[in-house]
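Novice: Got a structure for you, questions after.
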Amino acid sequence: MTGWSRFVSEILLAALALVIGLSLGGWLAYAAGESPWRVIEIIVTGAFGSGYDRGMVIYFAGILIATGLAVALPFQVGVFNIGGEGQTLMGALAAGVIGAYAPESWPHWAAVSAAFVGAVLTAGLWGSIAGGIRAFRGGHEVIGSIMLNFIAAGITGWLVVGKLQAPDSQNPEMKVIGEVFKLHRFGAYNGAPATTAALVALIMAFLFWLVLEKTPAGLRIKTVRQSPDAAVVAGYDPAKVRFWAFTSGAAMCGLAGAVMVLGESWRFRLEISDGFGFLGIPVALLGRGRPLGVVVSAILFAVLHHGASSLDIESTKVGRDLAQVIEAVVVLSVISLPPMVRGLRKWL
Amino acid sequence: MALIEISELFLSGLRFSAPLILAAMAGLYSERSGVVQLALEGFMLFGAFVAGTAAYYTSDGPAGIMAAVLFGALAGIFYGFLVIKLRADQIVAGTVINMLAWGGIPVVCKNLFDSTAGTPTLELSQRLPSWFPIVIAFAVVLITAWIFKQTAFGLRLSVAGEKPEALEAVGVNPRNLRWAAVMIAGALAGLAGGLLSVCLSAGYSRNMTAGRGFMALAALILGKWKPWPAFLGCLLFGFCEVVQLKAQGVAIPFVGVLPGQLIQVVPYVVTLALIAGLVGVSRAPAKLGHSS
Amino acid sequence: MPSTLLNSINPLIEFRNVSKQFGSLFANKDMSFRVREGAVHAIIGENGAGKTTAMRMLFGFEEPSFGDILFKGEIKPWHSPRGALSHRVGMVHQHFMLSPVHSALDNVLLGREFLLRSKSKGSGIKLFGSVLSRIQREKIHAELEALCQKMGFLIPWHESVENLPVGIQQQLEIIKLLHAGVDLMIFDEPTAVLAPIETQKFIQMLKTLNQEGKTILIITHKLQEVKDVADEFTVLRKGRVVATKKCADVSIQEMADLMIGRHVSLNPMPRVACTPGQAVVEIENLSITRAGKKNKLTNISMTVARNQIVGIAGVEGSGQNELLKLICMPKSSKPPGYRLTGKLSLFGKPGLKFSATKVRRKSIGIVPSDRLREAVLADESILENDLLGHDHEFTKGLFFPFKWIDRGAARERITGELRDFDVRPENPDHILGQLSGGNQQKFVMARELSRHPELIVCAQPTRGVDVGSIEQIHAEILKRRENGAGILLISSQLEELMALADVIHVMFEGRMVASFERSEFDEARIGVAMGGGGA
């Protein structure tokens, strides 16, 4: 297949998966006694109805772009990053610690940059454990990542209830970060945490694309994905390429964690990652692992996620969990349609 | 601590471990045949929900359990369809099943019972005694160990996960064995979930498995994919879980107060060290994950 | 073996005009030959001659596209390995079908876990019946031990297969077939993995089996063995049967001639006499060994000098791959568990520590044997493929992550490259997979040779290439030789080596068994060396 026709078929697959997901969601709503059209209406108004809502969508989109990239980049070399939750937690932890305990005298940009860098490095480091196990010891990165998710939850849970608990609060959370660390919120969104962080995420997606297309690293990634044997003959080391791809992906989750702490809750709290690390997986799969796809996919999922929260309020028959079912069916379609189509072709 | 407290702790640990053990055995069948089993969490949740619902409607605990086993087997077949027939990526497919459980169950639950929090509380008469899971778990481990050691089915299944060519050379189809394996896995994990909701609790409550499916997988790996060692791995997880609940705030001589969350993660750290090759050799079935 | 059998002419097996087609390719064409009952019949030929495909059809893995295979005078009734077994036909494959982690006993009884010798008909039962059937380990063990006594085997039944030496593993495969009661046994390159001592034992065992009345079919390329053990043989070349003869009537030299065939040389290429210059590659007494397993390489010594083409002849699997890896990626050339002794120097420096990346940065061009898997990315454009292994030439920028590849510069360079090597179409954006085999190979040559490297390593440079492109590629190789490059040429095409090389080393079983200077080139003698004769 030429590059162009491949591109088109990928978009078709994603669109079809989305349609199937939404249709099934609609059907479920109908079975539950709620009109599918009403459901769509609620979701759309829930996502775009007010300035606040639009701001929330921007906020979520930024996070999902980050966690989506975190899955998409390792995916490029055939490695699956399921450790988004743990990596996001660790990144958020770093941001929260830096934000709460670093001197207040820093200028805003330096403070925020320090927090972001800290978060990205920590998350990357956390991910490099699983990445290293896979690349250099041959252990499966999925099991390793799942273990690390639990361990991260344990460590952060311990810290936030013990040593680092906020002195003025009964909740499992850390001290509030300093004023200089708080991200500035765009006024147009009525207090929603829509910040420049979303732009940063977009830039990251662009950089991701740039690396793949233009740099030697991108060439190595492409070669390892298409033919590890050819990579070896060309003098590239597949193990190293996999390791760095995985670690860089994990670092993206650090970005998401930092956004959560600096942009929204202004402190690190228990379970701050809230499933967003994991949501990166459907986002990346729907986006077919490409940077542009991840961005579009992240926006779609952000709309779905925020819009669906209105379902709890506006409908008595369906709740926000419907969104999760839709997400699940989307992923299901993405993985089952290609083999089905192939099977159909053989049959014809 | 007094003897009473220790034995109480011991039993409590066993009770916690029982569903884990069943789930680990479920994973054992599947992974030994070469199919990765990341969907244990989803199977267990489905089992728990179906059992809670069926027990409520039929006012009969055992009926709920049987429904859970059946549904689990069906879910296993569905998973088999995805990975054996369609040859989809096994890890993503397992994740899909989990996502379907996390999202789909509350939707159905709300529809049936008007609440996503869980199924209606079961009366004591509708439930089963809490020692029941322990006995079943033990029995299943015994049977599983026997199957793998002494029966043709067990031998062939384990060869399917190591060198399927050897089976083809003697005219046995490895795919059929894998279908059987995932069906059994689904059924056992469904059973685990069912026991969780009907014996160890008073019904299904939202997200009640809380990661037990992954714990079972870790225990399986700790146990190097063998029945009795996996059983011990589950006990380890069980006891860490129970001890950390009890140990909160209690000082141990020389060490001070042990943070509960850190005790909880000990088995995970050990598993991680194991797959990194730091503590002994972990040898997964050769074809694990590559059987698509 | 009893000479009375020589007079009976019952063919147990007959191939009648059998052809096998894969897509548009014929693996076997119009084969006809007979195997006498009670004989030891060898199938000889080079790699790619179609031997394994023929046996796979016999055993039931594949069906002939045309023609018939007859068993005892009737068209063979089975269409699967299981069916073959039920008609007492068994095959020992080149790569054993044993599960490494299971015990020897479990491996042998797999599939027939409760079928005792007396109930040997039928070879297994359906899925659901097997679930709760207890394996009759003790009974079967006893029967197997009895068989072992008869054959002179000593098998530690409860040991895991992976801990057993290869010779014993092979015995397991054989015992398995004997327990199932086979009369015809097919062996695919049985001594390929055996050390010399094990090979002797194997030959003895074959004779014993034959004396018991078993018919033996053995695929091999080792001519001495054929002489030692077989009664008759069939030669395959390029998928066709060349001849079927009795071993007693034919010498090893004649066997080699039949196997390799005499060719009229291709138009002799214009050749300039060159004195070899400085050595680019020096290998001294290099061995890759492991206790208890067959050596990968034994005592290799050779040099490649500038202005010289060194040819490596040999049937595939004789150690050429290991040699290639040794030079191109010395650090990773040694498989885990093996020891490497000896010296290697590349470009005058000790080379054993060089990584693949480091070697690539040197003045080297590498043309690997498996083009589509190892040299190119079929789904990418020619331009992209041109960067593989050479992107460091076009990379600008100081350090990561601010480096980028200047594809514009690459594009400028590539048009000249493509023209010089006559790659068609000359469009850098064309997808490489859509080029013909000949053009693909010319492209790989262009990529690797156009930088005028001092050392060129190429394996099977004209495989899958049309005749016109072959001549172009050969001309380029000769040109480089004149211009000062040292070339290591690995090829299974003897005529190619004889046309191009200054010196030919013949490899067999990981050893260099013969060397010929250009003045001594003699197709017949080289052929014999390739078959292991005259070692």
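Note on naming: chains are A, B, ... as they come in the structure tokens, residues start from 1 per chain, ligands start from 1 in the order shown.
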Taking only C-alpha atoms into account, what are the residues of chain B at most 6 Å from chain A, put as a ChimeraX atom specification?
Specialist: /B:86,88,96,99-100,103-104,111,261-262,265,268,272,275-276
Novice: Could you build a table of the residues in chain B lying no more than 9 Å from chain C, giving for each the nearest pair of atoms and their separation in Å rounded to one decimal place, using only C-alpha atoms, ordered by chain and ascending residue number, as a tab-separated table?
Specialist:
residue	atom	partner	partner_atom	distance
B:Ile147	CA	C:Leu132	CA	7.3
B:Lys149	CA	C:Ile135	CA	8.9
B:Gln150	CA	C:Arg134	CA	5.5
B:Thr151	CA	C:Arg134	CA	4.6
B:Ala152	CA	C:Ser130	CA	5.5
B:Phe153	CA	C:Val131	CA	4.6
B:Gly154	CA	C:Val131	CA	7.4
B:Leu155	CA	C:Leu110	CA	7.5
B:Arg156	CA	C:Leu110	CA	7.1
B:Ser158	CA	C:His102	CA	8.8
B:Val159	CA	C:Ser99	CA	6.5
B:Glu162	CA	C:Ser99	CA	6.2
B:Lys163	CA	C:Ser99	CA	5.3
B:Pro164	CA	C:Ser99	CA	8.4
B:Glu165	CA	C:Met97	CA	6.1
B:Ala166	CA	C:Met97	CA	4.5
B:Leu167	CA	C:Gly111	CA	7.1
B:Glu168	CA	C:Pro81	CA	8.2
B:Ala169	CA	C:Pro81	CA	6.5
B:Val170	CA	C:Gly111	CA	5.7
B:Gly171	CA	C:Arg82	CA	4.9
B:Val172	CA	C:Gly111	CA	6.9
B:Asn173	CA	C:Leu127	CA	8.9
B:Asn176	CA	C:Leu127	CA	7.6
B:Leu177	CA	C:Leu127	CA	7.5
Novice: Would you export the selected residues with C-alpha atoms as a PDB file, in the first residue's frame, please?
Specialist:
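Result file is part.pdb:
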ATOM      1  CA  ILE B 147      -4.696 -32.221  35.577  1.00  0.00           C
ATOM      2  CA  LYS B 149       0.661 -33.602  36.045  1.00  0.00           C
ATOM      3  CA  GLN B 150      -1.395 -36.644  35.231  1.00  0.00           C
ATOM      4  CA  THR B 151      -3.733 -36.087  32.335  1.00  0.00           C
ATOM      5  CA  ALA B 152      -3.157 -35.954  28.617  1.00  0.00           C
ATOM      6  CA  PHE B 153      -5.102 -32.719  28.445  1.00  0.00           C
ATOM      7  CA  GLY B 154      -2.794 -31.029  30.917  1.00  0.00           C
ATOM      8  CA  LEU B 155       0.318 -32.234  29.131  1.00  0.00           C
ATOM      9  CA  ARG B 156      -0.921 -31.116  25.754  1.00  0.00           C
ATOM     10  CA  SER B 158       1.385 -27.082  28.558  1.00  0.00           C
ATOM     11  CA  VAL B 159       3.057 -28.115  25.329  1.00  0.00           C
ATOM     12  CA  GLU B 162       5.859 -24.089  24.843  1.00  0.00           C
ATOM     13  CA  LYS B 163       6.176 -25.706  21.431  1.00  0.00           C
ATOM     14  CA  PRO B 164       2.906 -26.016  19.534  1.00  0.00           C
ATOM     15  CA  GLU B 165       4.799 -27.529  16.584  1.00  0.00           C
ATOM     16  CA  ALA B 166       5.320 -30.653  18.654  1.00  0.00           C
ATOM     17  CA  LEU B 167       1.561 -31.012  18.931  1.00  0.00           C
ATOM     18  CA  GLU B 168       0.985 -30.440  15.252  1.00  0.00           C
ATOM     19  CA  ALA B 169       3.560 -33.075  14.459  1.00  0.00           C
ATOM     20  CA  VAL B 170       1.442 -35.639  16.301  1.00  0.00           C
ATOM     21  CA  GLY B 171      -1.799 -34.401  14.853  1.00  0.00           C
ATOM     22  CA  VAL B 172      -3.155 -32.442  17.802  1.00  0.00           C
ATOM     23  CA  ASN B 173      -4.423 -28.927  17.152  1.00  0.00           C
ATOM     24  CA  ASN B 176      -8.434 -26.199  20.230  1.00  0.00           C
ATOM     25  CA  LEU B 177      -6.487 -26.522  23.437  1.00  0.00           C
TER      26      LEU B 177
END
Novice: Work out how far CA of Phe246 (chain A) is from CA of Val259 (chain A), in Å to one decimal.
Specialist: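 Going from CA of Val259 (chain A) over to CA of Phe246 (chain A) covers 20.8 Å.
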Novice: Write out as a tab-separated table a residue-level contact list of chain A versus chain C with cut-off 7 Å: for each qualifying residue the closest pair of atoms and the distance in Å to one decimal, counting only C-alpha atoms, rows sorted by chain and residue number upward.
Specialist:
residue	atom	partner	partner_atom	distance
A:Lys214	CA	C:Trp404	CA	5.5
A:Thr215	CA	C:Trp404	CA	4.2
A:Pro216	CA	C:Ile405	CA	6.1
A:Gln226	CA	C:Leu377	CA	6.7
A:Ser227	CA	C:Arg373	CA	6.7
A:Asp229	CA	C:Glu374	CA	5.1
A:Ala230	CA	C:Glu374	CA	3.9
A:Val233	CA	C:Glu374	CA	6.3
A:Ala234	CA	C:Gly389	CA	4.0
A:Gly235	CA	C:Thr357	CA	4.1
A:Tyr236	CA	C:Thr357	CA	6.1
Novice: Just the residues within 7 Å of Met252 (chain A), please, counting only C-alpha atoms, with nothing from its chain fewer than 6 positions along; format it as a PyMOL selection string.
Specialist: chain A and resi 66-67+69-70+120
Novice: Since we have the selection now, will you write its residues out, keeping C-alpha atoms, as a compact mmCIF listing (two decimals), in the first residue's frame?
Specialist:
# COMPACT_ATOMS: atom_id res chain seq x y z
CA ALA A 66 -0.01 13.86 26.98
CA THR A 67 -1.12 10.43 28.15
CA LEU A 69 1.43 10.35 23.39
CA ALA A 70 2.80 8.35 26.28
CA VAL A 120 8.77 14.83 33.29
Novice: Considering only C-alpha atoms, can you say which of C:Met57, C:Ala84, C:Leu206, C:Ile197 comes closest to Ala39 (chain C)?
Specialist: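 Nearest to Ala39 (chain C): C:Leu206.
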Novice: Need to verify the contact set: region 228-242 of chain B, 9 Å, only C-alpha atoms, exclusion of same-chain residues closer than 5 positions in sequence. Can you return it as a PyMOL selection string?
Specialist: chain B and resi 9-10+12-18+20-22+24-25+28+138+141-142+145+215-216+218-223+247+260+263-268
Novice: Can you spit out the residues from that selection as a PDB file, in the first residue's frame, using C-alpha atoms?
Specialist:
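Contents of result34.pdb, freshly written:
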ATOM      1  CA  LEU B   9      -5.898 -12.882  61.113  1.00  0.00           C
ATOM      2  CA  PHE B  10      -4.990 -16.192  59.531  1.00  0.00           C
ATOM      3  CA  SER B  12      -9.102 -13.524  57.305  1.00  0.00           C
ATOM      4  CA  GLY B  13      -6.039 -13.863  55.137  1.00  0.00           C
ATOM      5  CA  LEU B  14      -7.325 -17.121  53.749  1.00  0.00           C
ATOM      6  CA  ARG B  15     -10.671 -15.591  52.999  1.00  0.00           C
ATOM      7  CA  PHE B  16      -9.044 -12.764  51.125  1.00  0.00           C
ATOM      8  CA  SER B  17      -6.795 -15.117  49.233  1.00  0.00           C
ATOM      9  CA  ALA B  18      -9.508 -17.517  48.115  1.00  0.00           C
ATOM     10  CA  LEU B  20      -7.242 -14.660  44.276  1.00  0.00           C
ATOM     11  CA  ILE B  21      -6.349 -18.310  44.161  1.00  0.00           C
ATOM     12  CA  LEU B  22      -9.202 -19.107  41.839  1.00  0.00           C
ATOM     13  CA  ALA B  24      -4.694 -17.261  39.576  1.00  0.00           C
ATOM     14  CA  MET B  25      -5.676 -20.775  38.546  1.00  0.00           C
ATOM     15  CA  LEU B  28      -2.716 -20.509  34.840  1.00  0.00           C
ATOM     16  CA  PHE B 138      -8.142 -25.465  47.669  1.00  0.00           C
ATOM     17  CA  VAL B 141      -5.709 -26.062  43.082  1.00  0.00           C
ATOM     18  CA  LEU B 142      -5.630 -29.780  43.812  1.00  0.00           C
ATOM     19  CA  ALA B 145      -2.215 -29.715  39.807  1.00  0.00           C
ATOM     20  CA  MET B 215      -2.891  -9.328  41.905  1.00  0.00           C
ATOM     21  CA  ALA B 216      -3.738 -12.839  40.806  1.00  0.00           C
ATOM     22  CA  ALA B 218       1.266 -11.180  39.734  1.00  0.00           C
ATOM     23  CA  ALA B 219       0.857 -14.147  42.062  1.00  0.00           C
ATOM     24  CA  LEU B 220       0.820 -16.447  39.054  1.00  0.00           C
ATOM     25  CA  ILE B 221       4.079 -14.973  37.850  1.00  0.00           C
ATOM     26  CA  LEU B 222       5.557 -15.188  41.320  1.00  0.00           C
ATOM     27  CA  GLY B 223       4.551 -18.816  41.288  1.00  0.00           C
ATOM     28  CA  ALA B 247      -0.955  -3.007  61.372  1.00  0.00           C
ATOM     29  CA  GLY B 260       0.333  -0.004  55.573  1.00  0.00           C
ATOM     30  CA  ILE B 263       3.358  -3.460  53.189  1.00  0.00           C
ATOM     31  CA  GLN B 264       0.697  -3.714  50.548  1.00  0.00           C
ATOM     32  CA  VAL B 265       3.183  -3.186  47.767  1.00  0.00           C
ATOM     33  CA  VAL B 266       5.732  -5.729  48.954  1.00  0.00           C
ATOM     34  CA  PRO B 267       4.398  -8.565  46.772  1.00  0.00           C
ATOM     35  CA  TYR B 268       4.374  -6.253  43.764  1.00  0.00           C
TER      36      TYR B 268
END
Novice: Excluding Glu509 (chain C) and any residue of its chain fewer than 4 positions from it, enumerate the residues within 9 Å of it, using only C-alpha atoms, and give them as a PyMOL selection string.
Specialist: chain C and resi 192+295-298+317-319+513+532
Novice: Can you write out the residues you just picked, keeping C-alpha atoms, as a compact mmCIF listing (two decimals), in the first residue's frame?
Specialist:
# COMPACT_ATOMS: atom_id res chain seq x y z
CA ALA C 192 23.40 -31.34 10.52
CA ASN C 295 30.74 -25.73 17.19
CA LYS C 296 29.50 -22.74 15.29
CA LEU C 297 32.91 -22.07 13.83
CA THR C 298 36.07 -24.13 14.17
CA GLY C 317 24.34 -23.53 6.90
CA SER C 318 28.02 -24.36 6.76
CA GLY C 319 28.95 -21.38 8.91
CA VAL C 513 37.91 -27.47 4.57
CA GLY C 532 32.47 -32.59 2.79
Novice: Quick one: pull the distance between CA of Glu264 (chain A) and CA of Gly68 (chain A), Å, one decimal.
Specialist: 19.3 Å
Novice: Just the residues within 10 Å of Leu40 (chain B), please, counting only C-alpha atoms, with nothing from its chain fewer than 4 positions along; format it as an mmCIF file with C-alpha atoms, in the first residue's frame.
Specialist:
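As a result, part.cif now contains:
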data_model
loop_
_atom_site.group_PDB
_atom_site.id
_atom_site.type_symbol
_atom_site.label_atom_id
_atom_site.label_comp_id
_atom_site.auth_asym_id
_atom_site.auth_seq_id
_atom_site.Cartn_x
_atom_site.Cartn_y
_atom_site.Cartn_z
ATOM 1 C CA ALA B 23 -8.310 -16.211 39.593
ATOM 2 C CA ALA B 24 -4.694 -17.261 39.576
ATOM 3 C CA ALA B 26 -7.795 -19.235 35.828
ATOM 4 C CA GLY B 27 -4.770 -17.349 34.591
ATOM 5 C CA MET B 44 -14.044 -11.416 38.047
ATOM 6 C CA LEU B 45 -16.111 -8.264 37.963
ATOM 7 C CA PHE B 46 -18.564 -9.816 35.566
ATOM 8 C CA GLY B 72 -17.447 -16.220 32.891
ATOM 9 C CA GLY B 76 -13.751 -16.390 28.113
ATOM 10 C CA GLY B 94 -7.659 -8.199 27.659
ATOM 11 C CA THR B 95 -7.770 -4.502 28.417
ATOM 12 C CA ILE B 97 -12.657 -6.811 28.415
ATOM 13 C CA ASN B 98 -11.691 -4.953 31.554
ATOM 14 C CA ALA B 185 -10.045 -19.331 32.596
ATOM 15 C CA GLY B 186 -13.195 -17.314 32.151
ATOM 16 C CA LEU B 188 -12.815 -19.940 37.044
ATOM 17 C CA ALA B 189 -12.362 -16.193 37.189
ATOM 18 C CA GLY B 190 -16.119 -15.783 37.038
ATOM 19 C CA ALA B 192 -13.847 -16.175 41.843
ATOM 20 C CA GLY B 193 -15.890 -13.045 41.324
ATOM 21 C CA GLY B 211 -7.314 -4.881 41.250
ATOM 22 C CA ARG B 212 -7.532 -8.450 42.475
ATOM 23 C CA GLY B 213 -7.368 -9.667 38.903
ATOM 24 C CA PHE B 214 -3.948 -8.099 38.504
ATOM 25 C CA MET B 215 -2.891 -9.328 41.905
ATOM 26 C CA ALA B 216 -3.738 -12.839 40.806
ATOM 27 C CA LEU B 217 -1.674 -12.378 37.675
#
Novice: Identify, with DSSP run on backbone atoms, the residues in region 64-164 of chain B assigned to helix (DSSP H, G or I), and express the list as a VMD selection string.
Specialist: chain B and resid 64 to 85 90 to 113 124 to 126 132 to 150 152 to 162 164
Novice: Just how far from CA of Leu200 (chain B) is CA of Leu122 (chain B), in Å to one decimal?
Specialist: 11.3 Å
Novice: Between B:Pro62, B:Gly161, B:Gly52, B:Gly34, which has the minimum distance to Ser197 (chain B) (counting only C-alpha atoms)?
Specialist: B:Gly52
Novice: For region 169-185 of chain A, find every residue with an atom within 6 Å (counting only C-alpha atoms), except residues of its own chain fewer than 6 positions away, and show them as a ChimeraX atom specification.
Specialist: /A:99-100,108,111-112,160-161,193-195,262-263,266-270
Novice: Dump C-alpha atoms for the selected residues as an mmCIF file, in the first residue's frame?
Specialist:
data_model
loop_
_atom_site.group_PDB
_atom_site.id
_atom_site.type_symbol
_atom_site.label_atom_id
_atom_site.label_comp_id
_atom_site.auth_asym_id
_atom_site.auth_seq_id
_atom_site.Cartn_x
_atom_site.Cartn_y
_atom_site.Cartn_z
ATOM 1 C CA GLY A 99 5.509 23.326 44.038
ATOM 2 C CA ALA A 100 4.931 23.004 47.741
ATOM 3 C CA HIS A 108 6.816 32.423 37.612
ATOM 4 C CA ALA A 111 9.082 27.956 38.896
ATOM 5 C CA VAL A 112 6.672 26.410 36.476
ATOM 6 C CA VAL A 160 0.369 11.717 51.259
ATOM 7 C CA VAL A 161 -1.086 10.282 54.421
ATOM 8 C CA PRO A 193 -8.460 25.171 34.543
ATOM 9 C CA ALA A 194 -7.826 25.865 30.874
ATOM 10 C CA THR A 195 -4.243 26.918 30.884
ATOM 11 C CA LEU A 262 -0.212 23.024 38.745
ATOM 12 C CA GLY A 263 -3.292 23.676 36.716
ATOM 13 C CA TRP A 266 -2.971 23.174 43.092
ATOM 14 C CA ARG A 267 -1.739 20.406 45.270
ATOM 15 C CA PHE A 268 -0.958 16.753 45.017
ATOM 16 C CA ARG A 269 -3.761 14.606 46.286
ATOM 17 C CA LEU A 270 -4.431 10.897 46.437
#
